[in-house]
file entry38.cif (mmCIF, C-alpha atoms)
data_input
#
loop_
_atom_site.label_atom_id
_atom_site.label_comp_id
_atom_site.auth_asym_id
_atom_site.auth_seq_id
_atom_site.Cartn_x
_atom_site.Cartn_y
_atom_site.Cartn_z
CA MET A 1 -3.84 -16.14 -42.75
CA ASP A 2 -5.60 -13.41 -40.74
CA HIS A 3 -4.03 -11.15 -38.10
CA ARG A 4 -5.27 -13.23 -35.14
CA THR A 5 -3.89 -16.45 -36.64
CA VAL A 6 -0.50 -14.86 -37.19
CA LEU A 7 -0.43 -13.74 -33.56
CA LEU A 8 -1.38 -17.20 -32.32
CA VAL A 9 1.35 -18.84 -34.42
CA PHE A 10 3.92 -16.37 -33.11
CA PHE A 11 2.74 -16.91 -29.53
CA CYS A 12 3.01 -20.71 -29.87
CA PHE A 13 6.53 -20.33 -31.30
CA LEU A 14 7.46 -18.17 -28.31
CA LEU A 15 6.21 -20.82 -25.90
CA VAL A 16 8.52 -23.57 -27.16
CA THR A 17 11.79 -21.62 -26.94
CA VAL A 18 12.63 -22.40 -23.28
CA ARG A 19 11.90 -25.18 -20.78
CA SER A 20 8.98 -25.64 -18.38
CA GLU A 21 9.03 -24.66 -14.71
CA VAL A 22 5.59 -25.66 -13.46
CA GLN A 23 6.78 -28.59 -11.39
CA LYS A 24 5.33 -31.62 -9.64
CA ASP A 25 7.84 -30.88 -6.92
CA PHE A 26 10.25 -28.00 -6.50
CA SER A 27 13.71 -28.70 -7.95
CA PRO A 28 16.82 -28.31 -5.74
CA GLU A 29 17.74 -24.93 -7.25
CA CYS A 30 14.23 -23.65 -6.55
CA ARG A 31 14.15 -25.04 -3.00
CA GLU A 32 16.92 -22.58 -2.13
CA PHE A 33 14.22 -19.96 -1.57
CA MET A 34 12.70 -21.94 1.31
CA TYR A 35 14.15 -22.58 4.77
CA MET A 36 15.92 -25.97 4.78
CA GLY A 37 14.68 -26.39 1.21
CA THR A 38 11.23 -27.26 2.53
CA PRO A 39 7.95 -25.70 1.32
CA PRO A 40 5.07 -25.03 3.71
CA ARG A 41 3.49 -28.33 4.74
CA GLY A 42 -0.21 -29.15 4.73
CA LEU A 43 -1.32 -27.42 1.52
CA GLU A 44 -2.58 -30.06 -0.88
CA ASN A 45 -5.14 -29.48 -3.60
CA ARG A 46 -5.39 -30.62 -7.21
CA SER A 47 -5.90 -27.04 -8.38
CA LEU A 48 -2.59 -25.85 -6.86
CA LYS A 49 0.45 -25.69 -9.13
CA LYS A 50 4.06 -25.22 -8.03
CA ILE A 51 5.86 -22.54 -10.02
CA CYS A 52 9.58 -21.90 -9.94
CA GLN A 53 9.51 -18.25 -10.99
CA ARG A 54 12.27 -17.80 -13.57
CA TYR A 55 13.37 -14.54 -15.14
CA ASN A 56 16.30 -13.80 -17.44
CA GLY A 57 17.70 -17.32 -17.15
CA LYS A 58 17.62 -17.74 -13.36
CA PRO A 59 15.12 -18.88 -10.71
CA ARG A 60 14.05 -15.93 -8.54
CA TYR A 61 11.47 -17.34 -6.06
CA VAL A 62 8.68 -19.91 -5.89
CA THR A 63 4.89 -19.66 -5.92
CA LEU A 64 2.03 -22.02 -5.15
CA TYR A 65 -0.66 -20.98 -7.63
CA ASP A 66 -4.39 -21.75 -7.70
CA VAL A 67 -5.44 -22.30 -11.33
CA VAL A 68 -9.14 -22.17 -10.39
CA ASP A 69 -9.16 -18.98 -8.30
CA HIS A 70 -6.43 -17.48 -10.53
CA ILE A 71 -4.32 -16.17 -7.64
CA PRO A 72 -1.19 -17.29 -5.79
CA VAL A 73 -1.77 -19.08 -2.49
CA TYR A 74 1.70 -17.99 -1.41
CA SER A 75 5.04 -16.83 -2.74
CA ALA A 76 8.24 -17.86 -0.94
CA TYR A 77 11.43 -15.89 -1.43
CA THR A 78 14.71 -14.85 0.14
CA PHE A 79 14.95 -11.27 1.36
CA LYS A 80 17.66 -9.07 -0.19
CA ARG A 81 18.93 -5.99 1.66
CA SER A 82 18.04 -2.74 -0.08
CA ASP A 83 17.00 0.86 0.53
CA GLY A 84 13.53 -0.03 -0.73
CA PHE A 85 13.26 2.91 -3.10
CA LYS A 86 14.74 1.84 -6.44
CA LYS A 87 12.13 0.67 -8.95
CA VAL A 88 12.25 -1.06 -12.31
CA ASP A 89 10.20 -0.38 -15.41
CA VAL A 90 9.02 -3.69 -16.84
CA PRO A 91 5.75 -4.86 -18.39
CA TRP A 92 3.45 -7.19 -16.49
CA MET A 93 4.16 -10.84 -17.22
CA PHE A 94 2.43 -14.22 -17.18
CA GLU A 95 3.36 -17.92 -16.98
CA PRO A 96 2.76 -19.54 -20.40
CA GLN A 97 3.21 -23.11 -19.16
CA LEU A 98 0.21 -22.90 -16.81
CA SER A 99 -2.20 -23.11 -19.71
CA THR A 100 -0.29 -24.70 -22.56
CA GLU A 101 1.84 -27.80 -22.99
CA SER A 102 5.13 -26.07 -23.59
CA ASP A 103 8.82 -26.11 -22.85
CA SER A 104 8.77 -22.54 -21.56
CA GLY A 105 10.49 -22.04 -18.22
CA GLU A 106 10.39 -18.24 -18.13
CA MET A 107 7.72 -15.72 -17.34
CA GLN A 108 6.86 -13.74 -20.47
CA PRO A 109 5.47 -10.26 -21.17
CA PHE A 110 1.80 -10.36 -22.09
CA PRO A 111 1.27 -10.68 -25.85
CA PRO A 112 -1.32 -8.56 -27.72
CA ASN A 113 -4.73 -8.49 -26.05
CA ASP A 114 -6.54 -10.69 -28.57
CA VAL A 115 -4.28 -13.65 -27.70
CA HIS A 116 -4.97 -13.54 -23.95
CA ASP A 117 -7.97 -15.85 -24.11
CA SER A 118 -5.69 -18.68 -25.22
CA PHE A 119 -4.27 -18.95 -21.69
CA SER A 120 -6.88 -17.27 -19.47
CA ASP A 121 -8.34 -20.62 -18.40
CA ALA A 122 -5.71 -21.20 -15.69
CA GLN A 123 -4.43 -17.77 -14.71
CA ALA A 124 -5.36 -14.13 -14.38
CA ILE A 125 -4.82 -11.81 -17.32
CA LEU A 126 -4.51 -8.04 -17.55
CA GLU A 127 -8.18 -7.59 -18.45
CA ASP A 128 -9.19 -9.11 -15.10
CA TYR A 129 -7.64 -6.11 -13.34
CA SER A 130 -8.87 -3.44 -15.75
CA ASN A 131 -11.85 -1.18 -15.08
CA ILE A 132 -12.07 -2.12 -11.41
CA VAL A 133 -12.16 0.68 -8.86
CA ASP A 134 -11.80 -1.03 -5.50
CA PHE A 135 -8.75 -3.25 -6.08
CA GLU A 136 -5.11 -2.98 -7.11
CA ARG A 137 -2.54 -5.61 -8.06
CA GLY A 138 -0.80 -6.32 -4.76
CA HIS A 139 2.52 -8.21 -4.70
CA LEU A 140 3.13 -11.17 -2.40
CA ASN A 141 6.86 -11.01 -3.11
CA PRO A 142 7.26 -7.20 -3.20
CA ASP A 143 9.96 -5.52 -5.26
CA GLU A 144 10.87 -3.59 -2.10
CA HIS A 145 12.27 -6.81 -0.60
CA GLN A 146 14.63 -7.37 -3.54
CA ALA A 147 17.83 -5.56 -4.58
CA HIS A 148 19.00 -6.69 -8.03
CA PRO A 149 16.99 -5.20 -10.93
CA ASP A 150 16.27 -8.69 -12.31
CA ASP A 151 14.95 -9.89 -8.92
CA LYS A 152 12.74 -6.81 -8.76
CA ALA A 153 11.54 -7.30 -12.34
CA ALA A 154 10.60 -10.92 -11.60
CA THR A 155 8.01 -9.79 -9.06
CA TYR A 156 5.92 -8.26 -11.86
CA THR A 157 4.06 -11.37 -12.93
CA LEU A 158 0.34 -11.77 -12.33
CA THR A 159 1.09 -15.13 -10.72
CA ASN A 160 2.66 -13.14 -7.84
CA VAL A 161 -0.18 -10.67 -7.26
CA VAL A 162 -3.65 -10.69 -5.74
CA PRO A 163 -6.48 -8.13 -5.72
CA GLN A 164 -5.83 -5.86 -2.76
CA VAL A 165 -8.16 -3.12 -1.58
CA ARG A 166 -6.34 0.04 -2.55
CA GLU A 167 -6.41 1.61 0.91
CA PHE A 168 -4.98 -1.56 2.44
CA ASN A 169 -2.36 -2.01 -0.28
CA VAL A 170 -0.90 1.50 -0.04
CA GLY A 171 -1.61 1.85 3.68
CA HIS A 172 -1.26 -0.79 6.39
CA TRP A 173 0.21 -3.55 4.21
CA LYS A 174 2.76 -1.28 2.55
CA GLN A 175 3.80 -0.04 5.98
CA HIS A 176 4.23 -3.64 7.14
CA GLU A 177 6.52 -4.33 4.16
CA HIS A 178 8.59 -1.27 5.17
CA VAL A 179 8.82 -2.49 8.79
CA ILE A 180 10.01 -5.95 7.76
CA ARG A 181 12.58 -4.52 5.33
CA ARG A 182 14.06 -2.24 7.99
CA ARG A 183 14.06 -4.98 10.65
CA LEU A 184 15.76 -7.55 8.43
CA ASN A 185 18.17 -4.96 7.02
CA ASN A 186 19.26 -3.98 10.52
CA TYR A 187 19.19 -7.20 12.53
CA CYS A 188 19.24 -10.27 10.27
CA ARG A 189 22.89 -11.22 9.78
CA GLY A 190 22.36 -14.24 7.53
CA LYS A 191 19.74 -15.27 5.00
CA ALA A 192 16.10 -14.43 5.66
CA TYR A 193 13.31 -16.56 4.21
CA ILE A 194 9.85 -15.05 3.74
CA VAL A 195 6.54 -16.70 2.87
CA THR A 196 3.58 -14.43 2.08
CA GLY A 197 0.14 -15.77 1.29
CA VAL A 198 -3.62 -15.27 1.41
CA THR A 199 -6.90 -16.64 2.66
CA THR A 200 -10.11 -16.46 0.65
CA SER A 201 -13.80 -16.79 1.42
CA GLY A 202 -15.57 -16.85 -1.94
CA ARG A 203 -15.48 -13.21 -3.01
CA MET A 204 -14.56 -12.90 -6.70
CA ILE A 205 -13.79 -10.36 -9.38
CA ARG A 206 -16.13 -11.10 -12.27
CA ARG A 207 -15.70 -10.41 -15.97
CA TYR A 208 -18.48 -10.98 -18.49
CA ASN A 209 -20.55 -12.44 -15.63
CA ILE A 210 -17.93 -15.13 -15.00
CA ASP A 211 -15.96 -15.56 -11.77
CA ARG A 212 -12.37 -14.75 -12.68
CA VAL A 213 -10.12 -13.82 -9.74
CA ALA A 214 -10.55 -14.57 -6.03
CA VAL A 215 -10.30 -11.60 -3.68
CA PRO A 216 -8.30 -12.40 -0.54
CA THR A 217 -9.94 -11.97 2.84
CA TYR A 218 -6.61 -11.83 4.67
CA LEU A 219 -3.01 -11.42 3.64
CA TRP A 220 -0.43 -13.09 5.87
CA SER A 221 3.33 -13.21 5.99
CA ALA A 222 6.10 -14.87 8.03
CA TYR A 223 9.88 -14.66 8.03
CA CYS A 224 12.68 -16.90 9.31
CA CYS A 225 16.23 -15.69 10.06
CA VAL A 226 18.27 -17.95 12.32
CA ASP A 227 21.45 -15.83 12.15
CA TYR A 228 20.48 -12.53 13.75
CA ASP A 229 21.92 -9.83 16.01
CA HIS A 230 21.58 -11.09 19.60
CA ASN A 231 22.50 -7.61 20.85
CA ALA A 232 19.54 -5.96 19.12
CA PRO A 233 17.05 -4.05 21.31
CA PHE A 234 14.70 -6.45 23.06
CA ASP A 235 11.64 -5.26 21.12
CA GLU A 236 13.39 -6.33 17.93
CA ARG A 237 15.32 -9.32 19.29
CA SER A 238 12.08 -10.85 20.55
CA LYS A 239 10.90 -11.05 16.93
CA PHE A 240 13.70 -13.44 15.93
CA PRO A 241 14.41 -15.98 14.62
CA VAL A 242 10.85 -16.15 13.32
CA PHE A 243 7.79 -13.93 13.41
CA ALA A 244 4.58 -13.41 11.47
CA ALA A 245 1.62 -11.14 10.76
CA HIS A 246 -1.76 -10.94 9.05
CA GLY A 247 -4.04 -8.15 7.89
CA LEU A 248 -7.65 -7.86 6.73
CA ASN A 249 -7.98 -6.88 3.07
CA GLU A 250 -10.54 -4.12 3.61
CA LYS A 251 -10.78 -0.32 3.57
CA GLU A 252 -11.38 -0.14 7.32
CA GLY A 253 -10.32 -2.32 10.24
CA ALA A 254 -7.34 -3.47 8.20
CA GLU A 255 -4.57 -3.07 10.76
CA VAL A 256 -1.72 -5.55 10.31
CA ILE A 257 -1.23 -7.56 13.50
CA GLU A 258 2.15 -9.12 14.30
CA MET A 259 2.25 -12.45 16.13
CA SER A 260 4.25 -15.62 16.58
CA VAL A 261 4.37 -18.03 13.64
CA GLN A 262 2.49 -20.62 15.75
CA GLN A 263 -0.32 -18.10 16.31
CA LEU A 264 -0.48 -17.45 12.57
CA GLU A 265 -0.59 -21.16 11.81
CA ASP A 266 -3.44 -21.65 14.29
CA PHE A 267 -5.29 -18.75 12.68
CA LEU A 268 -4.86 -20.20 9.19
CA LYS A 269 -6.00 -23.66 10.30
CA LYS A 270 -9.28 -22.05 11.33
CA ASN A 271 -9.66 -19.69 8.38
CA THR A 272 -8.46 -21.47 5.24
CA PHE A 273 -8.11 -24.93 3.69
CA VAL A 274 -4.80 -25.97 5.28
CA ASP A 275 -4.85 -29.24 7.18
CA LYS A 276 -3.87 -29.96 10.78
CA ARG A 277 -0.25 -30.69 9.72
CA PHE A 278 0.17 -27.16 8.38
CA GLN A 279 3.60 -25.69 9.06
CA ILE A 280 5.10 -22.65 7.34
CA PHE A 281 8.78 -23.28 8.14
CA PHE A 282 10.54 -26.59 8.64
CA GLY A 283 10.92 -27.23 12.37
CA ASN A 284 9.26 -23.85 13.03
CA CYS A 285 12.58 -22.21 12.08
CA GLU A 286 14.31 -23.61 15.15
CA PRO A 287 17.98 -23.97 14.11
CA ASN A 288 18.78 -26.80 16.55
CA ASP A 289 15.90 -28.90 15.19
CA ALA A 290 17.00 -28.20 11.62
CA ILE A 291 20.62 -29.19 12.29
CA MET A 292 19.57 -32.42 14.03
CA ALA A 293 17.26 -33.29 11.14
CA VAL A 294 20.07 -32.86 8.61
CA GLN A 295 22.48 -34.94 10.72
CA THR A 296 20.03 -37.82 11.03
#
call {"tool": "encode", "arguments": {"input": "entry38.cif", "output": "structure tokens"}}
result
Amino acid sequence: MDHRTVLLVFFCFLLVTVRSEVQKDFSPECREFMYMGTPPRGLENRSLKKICQRYNGKPRYVTLYDVVDHIPVYSAYTFKRSDGFKKVDVPWMFEPQLSTESDSGEMQPFPPNDVHDSFSDAQAILEDYSNIVDFERGHLNPDEHQAHPDDKAATYTLTNVVPQVREFNVGHWKQHEHVIRRRLNNYCRGKAYIVTGVTTSGRMIRRYNIDRVAVPTYLWSAYCCVDYDHNAPFDERSKFPVFAAHGLNEKEGAEVIEMSVQQLEDFLKKNTFVDKRFQIFFGNCEPNDAIMAVQT
């Protein structure tokens, strides 16, 4: 048995040690990361897979993943208060169940390089991001918005990242993540739900002359916090209970623009494949509508 065969046998053994979390529909424990347990509406496509992102025995957030473009369409998570500075040192991970019939329900560190091709059909692998100058791996659920080391570690899976232009990733978008962290730290009194996603327009990272990973045109994000400080300064209070933003994934002209969630939804209806029913948060994050819906 040669070296490659041994690695493949070991990899297959690893895959069957825990249960699957690519789901036809999000389970109740995974719906906790979405406002009123409801995912964004109006995103339907056969190439999109729902992932409950599990790490170290617990669900951490959810992702809608495109197995053709090899990027997440969005990640939805709950914000955790933090100083934003503490980091974790973990290897990049992947989702074994996306490509293989398996009982694995946990993201796994990448195995040796010569096994990667066994699951590269449905997701990005490390080689897709190697030897490229213009792009970096940009998180949709950023570790800065998490507090516990395990929640931070769980953000380091390639199913939670997209190719971001370096200047945009470390510049305008990183600054936006800082702004949201400070705003929610200071003025959100209850739980804050965040959905961050992308639009694409056909641009791809290629490897061996094959289209491998879609490059986002825009990144967008929206948060919902119904329990907030009503005595906050008006400039901040006006951005509750829900607000949104988008930014162009380019070196120049990439300013992140904040807007209402309805404005973002209108923008996405014109610029991506969502349908006319598209809605990021149940009831547009209006607490009265949500309470009435539960009561009825």
call {"tool": "atom_distance", "arguments": {"input": "entry38.cif", "atom1": "atom CA of A:Ile125", "atom2": "atom CA of A:Ile210"}}
result
13.7 Å
call {"tool": "residues_around", "arguments": {"input": "entry38.cif", "residues": "stretch 84-89 of chain A", "least_positions_apart": "6", "cutoff": "12 Å", "atoms": "all atoms listed in the file", "output": "PyMOL selection string"}}
result
chain A and resi 142-156+174-175+177-182+185
call {"tool": "residues_around", "arguments": {"input": "entry38.cif", "residues": "A:Val274", "least_positions_apart": "4", "cutoff": "7 Å", "atoms": "only C-alpha atoms", "output": "count of residues only"}}
result
5
call {"tool": "resolve_selection", "arguments": {"input": "entry38.cif", "expression": "the PyMOL selection byres ((chain A and resi 61-66) around 7)", "output": "number ranges by chain"}}
result
A: 30, 33, 47-53, 59-60, 67-77, 159
call {"tool": "resolve_selection", "arguments": {"input": "entry38.cif", "expression": "the PyMOL selection byres ((chain A and resi 196) around 6)", "output": "list in words"}}
result
Tyr74, Ser75, Leu140, Val195, Gly197, Trp220 and Ser221 of chain A
call {"tool": "write_last_selection", "arguments": {"input": "entry38.cif", "atoms": "C-alpha atoms", "output": "JSON list (two decimals), in the frame of the given file"}}
result
[["chain", "number", "residue", "atom", "x", "y", "z"],
["A", 74, "TYR", "CA", 1.70, -17.99, -1.41],
["A", 75, "SER", "CA", 5.04, -16.83, -2.74],
["A", 140, "LEU", "CA", 3.13, -11.17, -2.40],
["A", 195, "VAL", "CA", 6.54, -16.70, 2.87],
["A", 197, "GLY", "CA", 0.14, -15.77, 1.29],
["A", 220, "TRP", "CA", -0.43, -13.09, 5.87],
["A", 221, "SER", "CA", 3.33, -13.21, 5.99]]
call {"tool": "closest_residue", "arguments": {"input": "entry38.cif", "among": "A:Arg183, A:Lys80, A:His172, A:Arg166", "to": "A:Lys239", "atoms": "all atoms listed in the file"}}
result
A:Arg183
call {"tool": "atom_distance", "arguments": {"input": "entry38.cif", "atom1": "atom CA of A:Gln123", "atom2": "atom CA of A:Val161"}}
result
11.1 Å
call {"tool": "residues_near_point", "arguments": {"input": "entry38.cif", "point": "(21.2, -12.3, 14.4)", "cutoff": "12 Å", "atoms": "all atoms listed in the file", "output": "list in words"}}
result
Arg183, Leu184, Asn185, Asn186, Tyr187, Cys188, Arg189, Gly190, Lys191, Ala192, Cys224, Cys225, Val226, Asp227, Tyr228, Asp229, His230, Asn231, Ala232, Pro233, Glu236, Arg237, Ser238, Lys239, Phe240, Pro241 and Val242 of chain A
call {"tool": "atom_distance", "arguments": {"input": "entry38.cif", "atom1": "atom CA of A:Pro216", "atom2": "atom CA of A:Thr157"}}
result
17.5 Å
call {"tool": "decode", "arguments": {"input": "entry38.cif", "residues": "stretch 121-230 of chain A", "atoms": "C-alpha atoms", "output": "PDB file, in the first residue's frame"}}
result
ATOM      1  CA  ASP A 121     -14.970  19.209  -6.323  1.00  0.00           C
ATOM      2  CA  ALA A 122     -17.400  21.025  -4.012  1.00  0.00           C
ATOM      3  CA  GLN A 123     -15.323  23.463  -1.982  1.00  0.00           C
ATOM      4  CA  ALA A 124     -12.240  25.639  -2.024  1.00  0.00           C
ATOM      5  CA  ILE A 125      -8.948  24.192  -0.837  1.00  0.00           C
ATOM      6  CA  LEU A 126      -5.752  25.841   0.367  1.00  0.00           C
ATOM      7  CA  GLU A 127      -4.099  25.616  -3.050  1.00  0.00           C
ATOM      8  CA  ASP A 128      -6.828  27.845  -4.513  1.00  0.00           C
ATOM      9  CA  TYR A 129      -5.556  30.715  -2.362  1.00  0.00           C
ATOM     10  CA  SER A 130      -1.835  30.068  -2.819  1.00  0.00           C
ATOM     11  CA  ASN A 131       0.381  32.039  -5.200  1.00  0.00           C
ATOM     12  CA  ILE A 132      -2.203  34.762  -5.769  1.00  0.00           C
ATOM     13  CA  VAL A 133      -1.121  38.357  -5.282  1.00  0.00           C
ATOM     14  CA  ASP A 134      -4.322  40.382  -5.462  1.00  0.00           C
ATOM     15  CA  PHE A 135      -6.569  38.509  -3.009  1.00  0.00           C
ATOM     16  CA  GLU A 136      -6.649  37.423   0.615  1.00  0.00           C
ATOM     17  CA  ARG A 137      -8.937  35.070   2.518  1.00  0.00           C
ATOM     18  CA  GLY A 138     -11.582  37.402   3.917  1.00  0.00           C
ATOM     19  CA  HIS A 139     -13.935  36.225   6.683  1.00  0.00           C
ATOM     20  CA  LEU A 140     -17.698  36.684   6.484  1.00  0.00           C
ATOM     21  CA  ASN A 141     -18.046  35.817  10.172  1.00  0.00           C
ATOM     22  CA  PRO A 142     -14.913  37.594  11.468  1.00  0.00           C
ATOM     23  CA  ASP A 143     -13.080  36.402  14.569  1.00  0.00           C
ATOM     24  CA  GLU A 144     -13.260  40.008  15.795  1.00  0.00           C
ATOM     25  CA  HIS A 145     -17.013  39.576  16.335  1.00  0.00           C
ATOM     26  CA  GLN A 146     -16.533  36.547  18.593  1.00  0.00           C
ATOM     27  CA  ALA A 147     -15.223  36.260  22.165  1.00  0.00           C
ATOM     28  CA  HIS A 148     -14.697  32.619  23.161  1.00  0.00           C
ATOM     29  CA  PRO A 149     -11.542  31.025  21.674  1.00  0.00           C
ATOM     30  CA  ASP A 150     -13.594  28.177  20.185  1.00  0.00           C
ATOM     31  CA  ASP A 151     -16.004  30.622  18.500  1.00  0.00           C
ATOM     32  CA  LYS A 152     -13.022  32.494  17.080  1.00  0.00           C
ATOM     33  CA  ALA A 153     -11.363  29.263  15.933  1.00  0.00           C
ATOM     34  CA  ALA A 154     -14.539  28.190  14.128  1.00  0.00           C
ATOM     35  CA  THR A 155     -14.294  31.183  11.788  1.00  0.00           C
ATOM     36  CA  TYR A 156     -11.142  29.709  10.227  1.00  0.00           C
ATOM     37  CA  THR A 157     -12.785  27.408   7.724  1.00  0.00           C
ATOM     38  CA  LEU A 158     -12.578  28.067   3.992  1.00  0.00           C
ATOM     39  CA  THR A 159     -16.364  27.721   3.859  1.00  0.00           C
ATOM     40  CA  ASN A 160     -16.500  31.050   5.758  1.00  0.00           C
ATOM     41  CA  VAL A 161     -14.090  33.035   3.566  1.00  0.00           C
ATOM     42  CA  VAL A 162     -14.090  34.646   0.145  1.00  0.00           C
ATOM     43  CA  PRO A 163     -11.336  36.185  -1.988  1.00  0.00           C
ATOM     44  CA  GLN A 164     -11.074  39.817  -0.930  1.00  0.00           C
ATOM     45  CA  VAL A 165      -8.855  42.399  -2.577  1.00  0.00           C
ATOM     46  CA  ARG A 166      -6.136  42.968  -0.011  1.00  0.00           C
ATOM     47  CA  GLU A 167      -6.551  46.741   0.168  1.00  0.00           C
ATOM     48  CA  PHE A 168     -10.293  46.362   0.740  1.00  0.00           C
ATOM     49  CA  ASN A 169      -9.885  43.555   3.273  1.00  0.00           C
ATOM     50  CA  VAL A 170      -7.399  45.369   5.521  1.00  0.00           C
ATOM     51  CA  GLY A 171      -8.823  48.818   4.778  1.00  0.00           C
ATOM     52  CA  HIS A 172     -12.467  49.824   4.387  1.00  0.00           C
ATOM     53  CA  TRP A 173     -14.008  46.438   5.234  1.00  0.00           C
ATOM     54  CA  LYS A 174     -11.851  45.893   8.315  1.00  0.00           C
ATOM     55  CA  GLN A 175     -12.772  49.384   9.497  1.00  0.00           C
ATOM     56  CA  HIS A 176     -16.454  48.556   9.008  1.00  0.00           C
ATOM     57  CA  GLU A 177     -16.052  45.440  11.176  1.00  0.00           C
ATOM     58  CA  HIS A 178     -14.464  47.647  13.875  1.00  0.00           C
ATOM     59  CA  VAL A 179     -17.360  50.138  13.679  1.00  0.00           C
ATOM     60  CA  ILE A 180     -19.992  47.427  14.045  1.00  0.00           C
ATOM     61  CA  ARG A 181     -18.153  45.809  16.964  1.00  0.00           C
ATOM     62  CA  ARG A 182     -17.922  49.102  18.847  1.00  0.00           C
ATOM     63  CA  ARG A 183     -21.549  50.039  18.094  1.00  0.00           C
ATOM     64  CA  LEU A 184     -22.960  46.700  19.217  1.00  0.00           C
ATOM     65  CA  ASN A 185     -20.626  46.548  22.227  1.00  0.00           C
ATOM     66  CA  ASN A 186     -21.813  49.956  23.385  1.00  0.00           C
ATOM     67  CA  TYR A 187     -25.500  50.107  22.478  1.00  0.00           C
ATOM     68  CA  CYS A 188     -26.934  46.622  21.874  1.00  0.00           C
ATOM     69  CA  ARG A 189     -28.300  45.398  25.208  1.00  0.00           C
ATOM     70  CA  GLY A 190     -29.568  42.006  24.049  1.00  0.00           C
ATOM     71  CA  LYS A 191     -28.569  39.545  21.355  1.00  0.00           C
ATOM     72  CA  ALA A 192     -27.385  40.866  18.000  1.00  0.00           C
ATOM     73  CA  TYR A 193     -27.803  38.802  14.836  1.00  0.00           C
ATOM     74  CA  ILE A 194     -25.536  39.461  11.851  1.00  0.00           C
ATOM     75  CA  VAL A 195     -25.729  38.193   8.281  1.00  0.00           C
ATOM     76  CA  THR A 196     -22.776  38.900   5.982  1.00  0.00           C
ATOM     77  CA  GLY A 197     -22.718  37.861   2.349  1.00  0.00           C
ATOM     78  CA  VAL A 198     -21.516  38.549  -1.181  1.00  0.00           C
ATOM     79  CA  THR A 199     -22.560  39.246  -4.737  1.00  0.00           C
ATOM     80  CA  THR A 200     -20.675  37.882  -7.736  1.00  0.00           C
ATOM     81  CA  SER A 201     -20.511  38.715 -11.422  1.00  0.00           C
ATOM     82  CA  GLY A 202     -18.472  35.947 -13.037  1.00  0.00           C
ATOM     83  CA  ARG A 203     -14.915  36.820 -12.039  1.00  0.00           C
ATOM     84  CA  MET A 204     -13.002  33.706 -10.940  1.00  0.00           C
ATOM     85  CA  ILE A 205      -9.713  32.583  -9.482  1.00  0.00           C
ATOM     86  CA  ARG A 206      -8.357  29.930 -11.833  1.00  0.00           C
ATOM     87  CA  ARG A 207      -6.014  27.036 -11.109  1.00  0.00           C
ATOM     88  CA  TYR A 208      -4.593  24.829 -13.853  1.00  0.00           C
ATOM     89  CA  ASN A 209      -6.788  26.760 -16.316  1.00  0.00           C
ATOM     90  CA  ILE A 210      -9.942  25.738 -14.434  1.00  0.00           C
ATOM     91  CA  ASP A 211     -12.359  28.132 -12.748  1.00  0.00           C
ATOM     92  CA  ARG A 212     -12.032  27.424  -9.041  1.00  0.00           C
ATOM     93  CA  VAL A 213     -13.246  30.227  -6.740  1.00  0.00           C
ATOM     94  CA  ALA A 214     -15.641  33.089  -7.473  1.00  0.00           C
ATOM     95  CA  VAL A 215     -14.402  36.574  -6.605  1.00  0.00           C
ATOM     96  CA  PRO A 216     -17.097  38.708  -4.963  1.00  0.00           C
ATOM     97  CA  THR A 217     -18.066  41.991  -6.575  1.00  0.00           C
ATOM     98  CA  TYR A 218     -19.615  43.346  -3.380  1.00  0.00           C
ATOM     99  CA  LEU A 219     -19.569  42.331   0.246  1.00  0.00           C
ATOM    100  CA  TRP A 220     -22.662  43.196   2.271  1.00  0.00           C
ATOM    101  CA  SER A 221     -23.670  42.904   5.890  1.00  0.00           C
ATOM    102  CA  ALA A 222     -26.697  43.595   8.108  1.00  0.00           C
ATOM    103  CA  TYR A 223     -27.366  43.354  11.822  1.00  0.00           C
ATOM    104  CA  CYS A 224     -30.507  43.095  13.954  1.00  0.00           C
ATOM    105  CA  CYS A 225     -30.674  44.026  17.659  1.00  0.00           C
ATOM    106  CA  VAL A 226     -34.156  44.677  19.016  1.00  0.00           C
ATOM    107  CA  ASP A 227     -33.013  45.289  22.618  1.00  0.00           C
ATOM    108  CA  TYR A 228     -30.852  48.398  22.405  1.00  0.00           C
ATOM    109  CA  ASP A 229     -30.057  51.556  24.374  1.00  0.00           C
ATOM    110  CA  HIS A 230     -32.834  54.062  23.604  1.00  0.00           C
TER     111      HIS A 230
END
